[in-house]
>>> print(open('input26.cif').read())   # mmCIF, C-alpha atoms
data_my_file
loop_
_atom_site.label_atom_id
_atom_site.label_comp_id
_atom_site.auth_asym_id
_atom_site.auth_seq_id
_atom_site.Cartn_x
_atom_site.Cartn_y
_atom_site.Cartn_z
CA MET A 22 30.28 21.46 -6.36
CA GLY A 23 30.76 20.64 -10.05
CA VAL A 24 29.49 17.33 -11.34
CA PHE A 25 28.98 16.12 -7.79
CA VAL A 26 25.57 17.71 -7.84
CA PHE A 27 24.52 15.15 -10.44
CA LEU A 28 25.84 12.15 -8.51
CA PRO A 29 22.80 11.60 -6.24
CA LEU A 30 20.61 11.49 -9.34
CA VAL A 31 22.42 8.46 -10.78
CA LEU A 32 23.83 6.71 -7.69
CA PRO A 33 20.56 4.80 -7.09
CA LEU A 34 21.76 2.56 -9.93
CA THR A 35 24.26 1.07 -7.49
CA ALA A 36 21.38 -0.29 -5.40
CA TRP A 37 20.15 -2.56 -8.19
CA PRO A 38 22.41 -5.52 -7.38
CA VAL A 39 21.46 -5.50 -3.70
CA ALA A 40 17.77 -5.15 -4.57
CA ARG A 41 18.07 -8.36 -6.58
CA LEU A 42 20.24 -10.30 -4.16
CA ALA A 43 18.75 -9.21 -0.84
CA GLU A 44 15.34 -10.70 -1.55
CA GLN A 45 16.90 -14.12 -2.09
CA ARG A 46 19.78 -14.17 0.35
CA LEU A 47 18.92 -11.98 3.33
CA HIS A 48 16.31 -12.54 6.03
CA PRO A 49 13.23 -10.68 4.75
CA ARG A 50 13.19 -8.44 7.81
CA THR A 51 16.80 -7.34 7.29
CA ALA A 52 16.24 -6.96 3.55
CA THR A 53 13.13 -4.80 4.03
CA ARG A 54 14.82 -2.47 6.49
CA LEU A 55 18.05 -2.22 4.51
CA LEU A 56 16.39 -1.58 1.16
CA THR A 57 13.89 0.91 2.57
CA ALA A 58 16.62 2.88 4.34
CA VAL A 59 18.77 2.95 1.20
CA ALA A 60 15.81 4.02 -0.92
CA ALA A 61 14.73 6.76 1.49
CA VAL A 62 18.18 8.32 1.83
CA MET A 63 18.88 8.16 -1.90
CA ALA A 64 15.49 9.64 -2.76
CA ALA A 65 15.94 12.50 -0.30
CA CYS A 66 19.42 13.30 -1.66
CA SER A 67 18.21 13.18 -5.23
CA ALA A 68 15.34 15.56 -4.36
CA VAL A 69 17.75 17.99 -2.67
CA CYS A 70 19.97 18.05 -5.75
CA LEU A 71 17.01 18.57 -8.05
CA GLY A 72 16.02 21.48 -5.83
CA LEU A 73 19.48 23.06 -6.11
CA LEU A 74 19.51 22.67 -9.88
CA MET A 75 16.06 24.19 -10.00
CA VAL A 76 17.24 27.30 -8.15
CA VAL A 77 19.95 27.78 -10.77
CA GLY A 78 17.47 27.12 -13.56
CA THR A 79 14.78 29.42 -12.16
CA ALA A 80 17.27 32.27 -11.64
CA GLN A 81 17.84 32.35 -15.42
CA LEU A 82 14.19 32.81 -16.25
CA PRO A 83 13.32 36.43 -17.00
CA GLY A 84 10.95 37.97 -14.49
CA ASN A 85 11.65 35.43 -11.74
CA PRO A 86 11.20 36.63 -8.16
CA LEU A 87 14.66 35.43 -7.04
CA PRO A 88 17.40 38.03 -6.29
CA ASP A 89 19.21 39.24 -9.42
CA GLY A 90 22.54 38.18 -7.96
CA TRP A 91 21.49 34.52 -8.20
CA SER A 92 21.79 34.55 -11.98
CA ASP A 93 25.40 35.81 -11.78
CA PRO A 94 27.97 33.88 -13.80
CA GLU A 95 29.65 32.75 -10.56
CA VAL A 96 26.48 30.97 -9.46
CA ARG A 97 26.03 29.41 -12.86
CA GLU A 98 29.63 28.29 -12.97
CA ALA A 99 28.99 26.18 -9.89
CA VAL A 100 26.77 23.90 -11.95
CA PRO A 101 28.07 22.34 -15.16
CA TYR A 102 25.68 22.54 -18.12
CA ASP A 103 23.64 24.97 -16.04
CA GLU A 104 21.37 26.04 -18.92
CA VAL A 105 20.10 22.60 -19.79
CA ALA A 106 20.27 21.02 -16.35
CA GLY A 107 18.75 24.00 -14.58
CA LYS A 108 15.79 24.23 -16.91
CA ALA A 109 15.21 20.48 -17.02
CA ALA A 110 15.22 20.40 -13.21
CA ILE A 111 12.17 22.68 -12.99
CA PRO A 112 9.62 20.31 -14.58
CA ALA A 113 11.37 17.30 -13.02
CA LEU A 114 11.02 18.61 -9.48
CA CYS A 115 7.44 19.72 -10.12
CA ALA A 116 6.59 16.23 -11.39
CA VAL A 117 8.17 14.64 -8.31
CA LEU A 118 6.22 16.90 -5.95
CA VAL A 119 2.93 16.35 -7.76
CA LEU A 120 3.38 12.54 -7.90
CA CYS A 121 4.37 12.27 -4.24
CA GLY A 122 1.57 14.55 -3.11
CA ARG A 123 -0.96 12.56 -5.10
CA THR A 124 0.32 9.28 -3.68
CA LEU A 125 0.03 10.52 -0.09
CA TRP A 126 -3.44 11.88 -0.71
CA ARG A 127 -4.64 8.66 -2.35
CA HIS A 128 -3.10 6.57 0.38
CA GLY A 129 -5.10 8.47 3.00
CA ARG A 130 -8.26 8.42 0.93
CA THR A 131 -8.22 4.69 0.25
CA ARG A 132 -7.60 3.94 3.91
CA ARG A 133 -10.43 6.21 5.03
CA ARG A 134 -12.85 4.76 2.46
CA ALA A 135 -11.98 1.18 3.31
CA HIS A 136 -12.51 1.83 7.03
CA ARG A 137 -15.81 3.52 6.25
CA ALA A 138 -16.93 0.50 4.23
CA LEU A 139 -16.54 -1.60 7.37
CA THR A 140 -18.93 0.48 9.52
CA GLY A 141 -21.87 -1.58 10.61
CA LEU A 142 -19.76 -4.69 11.13
CA ARG A 143 -18.75 -5.82 14.59
CA GLY A 144 -15.61 -4.08 15.80
CA THR A 145 -13.42 -7.19 15.90
CA GLN A 146 -9.93 -7.09 14.44
CA VAL A 147 -10.88 -9.54 11.71
CA ALA A 148 -13.65 -8.18 9.46
CA VAL A 149 -15.37 -10.92 7.47
CA LEU A 150 -17.14 -9.77 4.30
CA ARG A 151 -19.80 -11.88 2.62
CA ASP A 152 -18.43 -11.94 -0.89
CA ASP A 153 -17.83 -14.67 -3.46
CA VAL A 154 -14.61 -13.04 -4.62
CA PRO A 155 -11.78 -14.52 -2.58
CA TYR A 156 -9.39 -11.93 -1.19
CA ALA A 157 -7.77 -10.83 2.03
CA TYR A 158 -5.64 -7.92 3.06
CA ALA A 159 -4.37 -5.94 6.02
CA LEU A 160 -5.95 -2.53 6.45
CA PRO A 161 -3.73 -0.30 8.57
CA GLY A 162 -5.48 2.09 10.93
CA ARG A 163 -4.43 4.98 13.12
CA GLN A 164 -5.62 3.37 16.33
CA ARG A 165 -6.05 -0.17 15.22
CA GLY A 166 -5.54 -1.96 11.97
CA ARG A 167 -7.98 -4.57 10.70
CA VAL A 168 -7.72 -7.79 8.78
CA VAL A 169 -10.25 -7.89 5.94
CA VAL A 170 -11.15 -11.28 4.53
CA THR A 171 -14.03 -12.58 2.44
CA THR A 172 -16.14 -15.65 3.15
CA ALA A 173 -15.17 -17.11 -0.22
CA LEU A 174 -11.51 -17.27 0.84
CA LEU A 175 -12.21 -18.51 4.36
CA ASP A 176 -14.50 -21.28 3.14
CA SER A 177 -11.81 -22.73 0.93
CA LEU A 178 -9.10 -22.90 3.60
CA GLU A 179 -8.54 -25.53 6.28
CA PRO A 180 -8.60 -24.27 9.90
CA ALA A 181 -4.79 -24.35 10.15
CA GLU A 182 -4.49 -22.45 6.87
CA ARG A 183 -6.92 -19.85 8.13
CA ARG A 184 -4.74 -19.35 11.18
CA ALA A 185 -1.79 -18.91 8.83
CA LEU A 186 -3.69 -16.30 6.84
CA PHE A 187 -4.65 -14.35 9.95
CA ALA A 188 -1.10 -14.56 11.32
CA HIS A 189 0.25 -13.27 8.00
CA GLU A 190 -2.06 -10.26 7.94
CA ARG A 191 -1.50 -9.53 11.64
CA SER A 192 2.22 -9.49 10.98
CA HIS A 193 1.65 -6.81 8.31
CA LEU A 194 -0.20 -4.74 10.89
CA THR A 195 2.09 -5.17 13.89
CA ALA A 196 5.29 -4.66 11.89
CA ARG A 197 3.68 -1.64 10.16
CA HIS A 198 4.62 -2.85 6.70
CA HIS A 199 2.50 -0.17 5.07
CA ARG A 200 5.06 2.43 6.17
CA PHE A 201 7.87 0.62 4.38
CA LEU A 202 5.69 0.23 1.30
CA LEU A 203 4.71 3.89 1.28
CA ALA A 204 8.33 4.99 1.80
CA VAL A 205 9.67 2.99 -1.15
CA ARG A 206 6.75 4.04 -3.28
CA LEU A 207 7.50 7.72 -2.66
CA ALA A 208 11.21 7.06 -3.20
CA ALA A 209 10.52 5.42 -6.57
CA GLN A 210 8.59 8.51 -7.58
CA ALA A 211 11.34 10.86 -6.42
CA ASN A 212 13.85 8.98 -8.56
CA PRO A 213 12.70 6.34 -11.08
CA PHE A 214 16.05 4.56 -10.75
CA LEU A 215 14.82 3.41 -7.33
CA ARG A 216 11.94 1.39 -8.80
CA PRO A 217 13.65 -2.01 -8.46
CA LEU A 218 13.94 -1.30 -4.73
CA ARG A 219 10.22 -0.78 -4.54
CA THR A 220 9.54 -4.08 -6.28
CA ALA A 221 12.01 -5.81 -3.97
CA VAL A 222 10.50 -4.34 -0.79
CA THR A 223 6.98 -5.25 -1.92
CA TYR A 224 8.20 -8.83 -2.11
CA THR A 225 10.28 -8.85 1.09
CA THR A 226 7.43 -7.47 3.23
CA GLU A 227 5.28 -10.37 2.04
CA ARG A 228 8.09 -12.80 2.83
CA TRP A 229 8.52 -11.19 6.26
CA ALA A 230 4.82 -11.71 7.01
CA ASP A 231 5.06 -15.28 5.67
CA GLU A 232 7.95 -16.07 8.02
CA ASP A 233 6.11 -14.52 10.98
CA ALA A 234 3.05 -16.58 10.11
CA ALA A 235 5.14 -19.75 9.84
CA GLN A 236 6.49 -19.10 13.32
CA ALA A 237 3.01 -18.36 14.70
CA VAL A 238 1.38 -21.52 13.35
CA GLY A 239 4.52 -23.63 13.74
CA SER A 240 4.56 -25.02 10.21
CA ARG A 241 6.10 -23.52 7.11
CA ARG A 242 4.25 -26.00 4.97
CA THR A 243 0.82 -24.86 6.20
CA VAL A 244 1.58 -21.25 5.30
CA ALA A 245 2.85 -22.33 1.88
CA HIS A 246 -0.37 -24.26 1.26
CA ALA A 247 -2.55 -21.36 2.41
CA ILE A 248 -0.78 -18.98 0.00
CA GLY A 249 -0.91 -21.46 -2.85
CA LYS A 250 -4.58 -22.21 -2.37
CA ALA A 251 -5.51 -18.54 -2.09
CA ALA A 252 -3.55 -17.72 -5.24
CA LEU A 253 -5.06 -20.56 -7.28
CA LEU A 254 -8.50 -19.57 -6.05
CA SER A 255 -8.05 -15.87 -6.88
CA ARG A 256 -6.91 -16.68 -10.39
CA GLY A 257 -9.80 -16.18 -12.74
CA ALA A 258 -12.28 -15.54 -9.95
CA ALA A 259 -10.99 -12.08 -9.15
CA PRO A 260 -12.13 -9.17 -11.31
CA ALA A 261 -9.30 -7.47 -13.21
CA ALA A 262 -8.91 -4.73 -10.64
CA LEU A 263 -8.55 -7.13 -7.74
CA ALA A 264 -5.80 -9.22 -9.23
CA GLY A 265 -2.44 -7.60 -8.76
CA PHE A 266 0.05 -7.17 -11.55
CA ALA A 267 0.46 -10.32 -13.56
CA VAL A 268 4.18 -10.27 -12.88
CA ALA A 269 5.44 -13.80 -13.12
CA GLY A 270 6.77 -15.02 -9.92
CA PRO A 271 6.06 -13.49 -6.52
CA VAL A 272 3.61 -16.13 -5.31
CA PRO A 273 5.49 -19.26 -6.50
CA ARG A 274 8.70 -17.74 -5.14
CA ARG A 275 7.08 -17.18 -1.77
CA VAL A 276 5.77 -20.74 -1.70
CA ALA A 277 9.12 -22.16 -2.76
CA ALA A 278 10.89 -20.12 -0.07
CA LEU A 279 8.50 -21.48 2.58
CA LEU A 280 9.00 -25.05 1.43
CA GLY A 281 12.75 -24.56 1.79
CA PRO A 282 14.67 -24.05 5.02
CA ALA A 283 14.01 -21.06 7.28
CA PRO A 284 16.17 -18.02 6.57
CA VAL A 285 18.87 -17.21 9.06
CA ALA A 286 18.41 -13.91 10.84
CA ARG A 287 21.69 -12.04 10.63
CA ARG A 288 22.21 -8.46 11.53
CA TRP A 289 24.37 -7.57 8.58
CA PRO A 290 25.74 -9.75 5.78
CA SER A 291 29.44 -10.53 5.73
CA LEU A 292 31.49 -8.63 3.17
CA PHE A 293 32.85 -11.81 1.62
CA THR A 294 29.64 -13.01 -0.03
CA THR A 295 27.94 -11.75 -3.17
CA VAL A 296 25.05 -10.28 -1.24
CA GLY A 297 27.41 -8.79 1.34
CA LEU A 298 29.40 -7.13 -1.39
CA ALA A 299 26.22 -5.78 -2.99
CA ALA A 300 24.85 -4.59 0.36
CA TRP A 301 28.09 -2.83 1.26
CA GLY A 302 28.26 -1.38 -2.23
CA ALA A 303 24.76 0.06 -1.90
CA ALA A 304 25.52 1.34 1.60
CA ALA A 305 28.71 3.02 0.39
CA ALA A 306 26.88 4.56 -2.58
CA THR A 307 24.18 5.81 -0.21
CA ALA A 308 26.85 7.45 1.92
CA VAL A 309 28.50 9.00 -1.14
CA SER A 310 25.07 10.15 -2.33
CA ALA A 311 24.36 11.76 1.05
CA MET A 312 27.77 13.40 1.15
CA SER A 313 27.64 14.80 -2.36
CA SER A 314 24.16 16.22 -1.89
CA ALA A 315 25.20 17.73 1.47
CA ASN A 316 28.33 19.11 -0.18
CA ALA A 317 26.31 20.50 -3.07
CA ALA A 318 23.75 22.02 -0.71
CA VAL A 319 26.38 23.71 1.47
CA THR A 320 28.38 25.00 -1.52
CA MET A 321 25.24 26.29 -3.18
CA THR A 322 24.07 28.02 -0.01
CA LEU A 323 27.45 29.71 0.41
CA ILE A 324 27.57 30.85 -3.22
CA LEU A 325 24.00 32.14 -3.14
CA TYR A 326 24.64 33.84 0.20
CA ALA A 327 27.65 35.61 -1.28
CA ALA A 328 25.70 36.54 -4.40
CA THR A 329 22.72 37.96 -2.51
CA PRO A 330 22.96 41.73 -2.24
CA LEU A 331 22.30 42.70 1.36
CA MET B 14 -26.88 17.66 24.10
CA ALA B 15 -23.52 16.23 23.23
CA GLU B 16 -25.23 13.02 22.25
CA GLN B 17 -27.56 14.86 19.91
CA ARG B 18 -24.72 16.62 18.19
CA GLY B 19 -22.96 13.31 17.88
CA SER B 20 -25.95 11.66 16.24
CA ARG B 21 -26.31 14.52 13.80
CA ARG B 22 -22.71 14.13 12.78
CA ARG B 23 -23.11 10.42 12.24
CA GLY B 24 -21.58 9.23 8.99
CA GLN B 25 -23.55 7.89 6.06
CA GLY B 26 -22.18 4.40 6.58
CA GLU B 27 -23.40 4.31 10.14
CA LEU B 28 -26.89 5.48 9.18
CA GLU B 29 -27.09 2.86 6.44
CA ALA B 30 -26.11 0.19 8.94
CA LEU B 31 -28.74 1.46 11.37
CA VAL B 32 -31.54 1.44 8.81
CA LEU B 33 -30.50 -1.99 7.56
CA SER B 34 -30.56 -3.38 11.11
CA ALA B 35 -34.04 -1.99 11.67
CA LEU B 36 -35.25 -3.49 8.42
CA GLN B 37 -33.86 -6.88 9.37
CA GLU B 38 -35.92 -6.86 12.56
CA ALA B 39 -39.16 -6.59 10.58
CA ASP B 40 -41.11 -9.73 9.72
CA GLY B 41 -41.53 -9.33 5.99
CA PRO B 42 -41.51 -6.14 3.93
CA ALA B 43 -41.66 -2.88 5.89
CA THR B 44 -42.46 0.70 4.91
CA ALA B 45 -40.17 3.68 5.42
CA GLY B 46 -42.58 4.96 8.08
CA TRP B 47 -42.23 1.70 10.02
CA VAL B 48 -38.43 1.93 9.85
CA GLN B 49 -38.54 5.54 11.07
CA GLU B 50 -40.73 4.54 14.02
CA ARG B 51 -38.50 1.60 14.79
CA LEU B 52 -35.48 3.90 14.96
CA GLY B 53 -37.21 5.98 17.62
CA GLY B 54 -37.89 9.09 15.58
CA GLY B 55 -34.27 10.25 15.61
CA LEU B 56 -34.33 10.57 11.83
CA ALA B 57 -36.62 12.54 9.52
CA TYR B 58 -38.91 10.53 7.22
CA THR B 59 -37.20 11.93 4.14
CA THR B 60 -33.78 10.94 5.55
CA VAL B 61 -34.97 7.37 6.01
CA VAL B 62 -36.28 7.28 2.43
CA THR B 63 -32.98 8.72 1.14
CA ILE B 64 -30.97 6.10 3.00
CA LEU B 65 -33.25 3.30 1.80
CA THR B 66 -32.86 4.51 -1.79
CA ARG B 67 -29.10 4.55 -1.34
CA LEU B 68 -29.20 0.99 0.03
CA LEU B 69 -31.32 0.02 -2.97
CA ALA B 70 -28.66 1.38 -5.34
CA LYS B 71 -26.08 -0.71 -3.49
CA GLY B 72 -28.22 -3.81 -3.83
CA ALA B 73 -28.55 -4.19 -0.07
CA VAL B 74 -32.37 -3.90 -0.09
CA THR B 75 -35.19 -4.54 -2.53
CA ARG B 76 -38.58 -2.82 -2.71
CA GLU B 77 -42.01 -3.46 -4.08
CA ARG B 78 -44.94 -1.16 -4.51
CA ALA B 79 -47.51 -1.40 -1.71
CA GLY B 80 -50.38 1.00 -2.30
CA ARG B 81 -49.02 4.53 -2.55
CA SER B 82 -45.64 3.84 -1.02
CA PHE B 83 -42.95 1.15 -1.17
CA ALA B 84 -42.39 -1.87 1.04
CA TRP B 85 -38.73 -2.59 1.66
CA THR B 86 -37.00 -5.92 2.27
CA PRO B 87 -33.34 -6.44 3.20
CA ALA B 88 -31.43 -8.26 0.46
CA SER B 89 -28.20 -8.78 2.34
CA ASP B 90 -26.85 -8.49 5.86
CA HIS B 91 -24.13 -6.16 7.11
CA ALA B 92 -21.35 -8.45 5.93
CA GLY B 93 -22.84 -8.40 2.42
CA LEU B 94 -23.28 -4.63 2.41
CA ALA B 95 -19.72 -4.09 3.66
CA ALA B 96 -18.45 -6.44 0.95
CA ARG B 97 -20.20 -4.40 -1.75
CA LYS B 98 -18.83 -1.14 -0.41
CA MET B 99 -15.34 -2.60 -0.12
CA ARG B 100 -15.48 -3.88 -3.69
CA ARG B 101 -16.25 -0.35 -4.86
CA VAL B 102 -13.33 1.08 -2.87
CA LEU B 103 -10.99 -1.51 -4.36
CA ASP B 104 -12.26 -1.05 -7.89
CA ALA B 105 -11.83 2.73 -7.65
CA GLU B 106 -8.19 2.44 -6.65
CA ASN B 107 -5.93 1.19 -9.42
CA ASP B 108 -2.73 1.32 -7.44
CA ARG B 109 -3.99 0.35 -4.03
CA GLU B 110 -1.08 -2.06 -3.56
CA ALA B 111 0.61 0.74 -1.67
CA VAL B 112 -2.14 0.87 0.92
CA LEU B 113 -3.46 -2.63 1.15
CA ALA B 114 -0.95 -5.42 1.25
CA SER B 115 -2.91 -8.25 -0.36
CA PHE B 116 -2.46 -11.81 0.83
CA VAL B 117 -1.67 -12.93 -2.69
CA THR B 118 -1.06 -11.12 -5.95
CA GLY B 119 -2.15 -12.28 -9.39
CA LEU B 120 -0.61 -15.31 -11.03
CA GLY B 121 1.24 -15.18 -14.30
CA PRO B 122 0.60 -17.78 -17.03
CA ASP B 123 3.44 -20.08 -15.91
CA ASP B 124 2.93 -19.44 -12.21
CA GLU B 125 -0.08 -21.70 -11.95
CA ARG B 126 1.76 -24.77 -13.22
CA LEU B 127 4.76 -23.95 -11.06
CA LEU B 128 2.56 -23.50 -8.01
CA ARG B 129 0.74 -26.79 -8.52
CA GLU B 130 4.08 -28.54 -8.88
CA LEU B 131 5.39 -26.99 -5.68
CA LEU B 132 2.29 -27.84 -3.65
CA GLY B 133 1.90 -31.28 -5.11
CA ARG B 134 5.49 -32.21 -4.31
CA PRO B 135 5.54 -34.62 -1.40
CA GLY B 136 8.28 -34.07 1.11
CA SER B 137 8.82 -33.15 4.68
CA GLU B 138 12.00 -31.09 4.46
CA GLY B 139 9.92 -27.90 4.62
CA ASP B 140 8.18 -28.92 7.83
CA ASP B 141 9.54 -27.78 11.11
#
>>> encode(input="input26.cif", output="structure tokens")
Amino acid sequence: MGVFVFLPLVLPLTAWPVARLAEQRLHPRTATRLLTAVAAVMAACSAVCLGLLMVVGTAQLPGNPLPDGWSDPEVREAVPYDEVAGKAAIPALCAVLVLCGRTLWRHGRTRRRAHRALTGLRGTQVAVLRDDVPYAYALPGRQRGRVVVTTALLDSLEPAERRALFAHERSHLTARHHRFLLAVRLAAQANPFLRPLRTAVTYTTERWADEDAAQAVGSRRTVAHAIGKAALLSRGAAPAALAGFAVAGPVPRRVAALLGPAPVARRWPSLFTTVGLAAWGAAAATAVSAMSSANAAVTMTLILYAATPL
Amino acid sequence: MAEQRGSRRRGQGELEALVLSALQEADGPATAGWVQERLGGGLAYTTVVTILTRLLAKGAVTRERAGRSFAWTPASDHAGLAARKMRRVLDAENDREAVLASFVTGLGPDDERLLRELLGRPGSEGDD
């Protein structure tokens, strides 16, 4: 399998251009699905390759429980730089597993706690909290998700803007955006090179919900105003933990996008545009990544099978 | 029978909501004994006191000494109590962005100016 085993670890770099371009040029729905799929496949391949390297690395450790045949020179020859790569893969894979496990556990815990905090309120889809900190979010649920919004935010919005807010959060729930967000989050932990995809998907899911809201209320301008007002209101008023990252940009970019023309929903970008080229490049790299990790896995299995004394 | 088992397994949040509702039905401050009676005796006296103390810690009720026991008054309604609990959940989770897609994220230093410019710009090309 040679150096091919390392390819899936670095190929995520090829997704950077499309992560940048897709959020501006593609319909947010297409962009979210494309980027999430690319991230998921690349993360899985990179994890498989780390696993293979780890087997080689572990077999060299004295006293390991693996069959003695697995530390044969033939097995080690299959991986270039086996000493360094094999040993480095052990802590790397452990870190990936711990991080992903922790993320899943926290995800479940936060959801459970947030639902528990709402007990005692009426069981309507929209849960209104009496709070002078303005915020709103979509809380996904197994049976039914809820829209959580505080009185401070509702009081400052016009009726049409409130409808836009509710439509935005409902879109998050019906399109199950939390699954995309969780997938890219796990992918970014499996391979840090996938982080730009996570940032991009975080933005495109918001844009997707914005566009759905614009369609529901019939005015892009109303949604833009609702977002702008909510953001200006949250600034300063929100305690540090409630304000998201102070990354320059997402909110003004969302507002600007809504004030511009509606994005065209296309199934797949044409090859002869910048974004098309980037999208096809990322798709091709994903395919190469999948093939090299499959190739590495099969080769490794065959070698280990041959090396195992039966 | 099944109902009894169900009530025993009731979560803390639900019990707090129940006690708070009972307290809100009182005219003026009420004692823990009154709350227990109001709830129909389904809860032990000590349980009611425990729940009231928990509500006190959350700022949902206040109390004042009345003779040898306390008289309790609701400080906020269910929406207020839920807001306090939610705030604690949010504060405990640093990276909750993964779970809860917020309507808006924080604004950077230049974002505010940019946003005001965008919203203040008159024009109808965005309308459809």
>>> resolve_selection(input="input26.cif", expression="the PyMOL selection byres ((chain B and resi 92) around 8)", output="list in words")
Leu142, Val149, Leu150 and Arg151 of chain A; Ser89, Asp90, His91, Gly93, Leu94, Ala95 and Ala96 of chain B
>>> residues_near_point(input="input26.cif", point="(2.7, -8.2, 1.3)", cutoff="12 Å", atoms="all atoms listed in the file", output="ChimeraX atom specification")
/A:49,53,157-160,186,189-194,196-202,220-232,248,265,271-272,275 /B:110-118
>>> residues_around(input="input26.cif", residues="Ser82 (chain B)", least_positions_apart="3", cutoff="12 Å", atoms="only C-alpha atoms", output="ChimeraX atom specification")
/B:42-47,62,76-79,85
>>> resolve_selection(input="input26.cif", expression="the PyMOL selection byres ((chain A and resi 308) around 12)", output="PyMOL selection string")
chain A and resi 28-29+32-33+35-36+58-60+62-63+66+301-307+309-316
>>> atom_distance(input="input26.cif", atom1="CA of Trp126 (chain A)", atom2="CA of Gln25 (chain B)")
21.6 Å
>>> residues_around(input="input26.cif", residues="Ile111 (chain A)", least_positions_apart="4", cutoff="10 Å", atoms="all atoms listed in the file", output="list in words")
Leu71, Gly72, Leu74, Met75, Val76, Val77, Gly78, Thr79, Ala106, Gly107, Cys115 and Ala116 of chain A
>>> atom_distance(input="input26.cif", atom1="CA of Ala138 (chain A)", atom2="CA of Met99 (chain B)")
5.6 Å
>>> closest_residue(input="input26.cif", among="A:Glu182, A:Asp233, A:Asp93, A:Asp153", to="chain B", atoms="all atoms listed in the file")
A:Asp153
>>> atom_distance(input="input26.cif", atom1="CA of Gln146 (chain A)", atom2="CA of Arg167 (chain A)")
4.9 Å
>>> resolve_selection(input="input26.cif", expression="the PyMOL selection byres ((chain B and resi 39) around 12)", output="ChimeraX atom specification")
/B:32-38,40-45,47-48,50-52,84-87
>>> write_last_selection(input="input26.cif", atoms="C-alpha atoms", output="CSV table (one decimal), keeping the file's coordinate frame")
chain,number,residue,atom,x,y,z
B,32,VAL,CA,-31.5,1.4,8.8
B,33,LEU,CA,-30.5,-2.0,7.6
B,34,SER,CA,-30.6,-3.4,11.1
B,35,ALA,CA,-34.0,-2.0,11.7
B,36,LEU,CA,-35.2,-3.5,8.4
B,37,GLN,CA,-33.9,-6.9,9.4
B,38,GLU,CA,-35.9,-6.9,12.6
B,40,ASP,CA,-41.1,-9.7,9.7
B,41,GLY,CA,-41.5,-9.3,6.0
B,42,PRO,CA,-41.5,-6.1,3.9
B,43,ALA,CA,-41.7,-2.9,5.9
B,44,THR,CA,-42.5,0.7,4.9
B,45,ALA,CA,-40.2,3.7,5.4
B,47,TRP,CA,-42.2,1.7,10.0
B,48,VAL,CA,-38.4,1.9,9.8
B,50,GLU,CA,-40.7,4.5,14.0
B,51,ARG,CA,-38.5,1.6,14.8
B,52,LEU,CA,-35.5,3.9,15.0
B,84,ALA,CA,-42.4,-1.9,1.0
B,85,TRP,CA,-38.7,-2.6,1.7
B,86,THR,CA,-37.0,-5.9,2.3
B,87,PRO,CA,-33.3,-6.4,3.2
>>> closest_residue(input="input26.cif", among="B:Glu27, B:Asp123, B:Glu130, B:Glu106", to="Arg127 (chain A)", atoms="all atoms listed in the file")
B:Glu106
>>> residues_around(input="input26.cif", residues="Val102 (chain B)", least_positions_apart="6", cutoff="10 Å", atoms="all atoms listed in the file", output="VMD selection string")
(chain A and resid 130 to 138) or (chain B and resid 96 109)
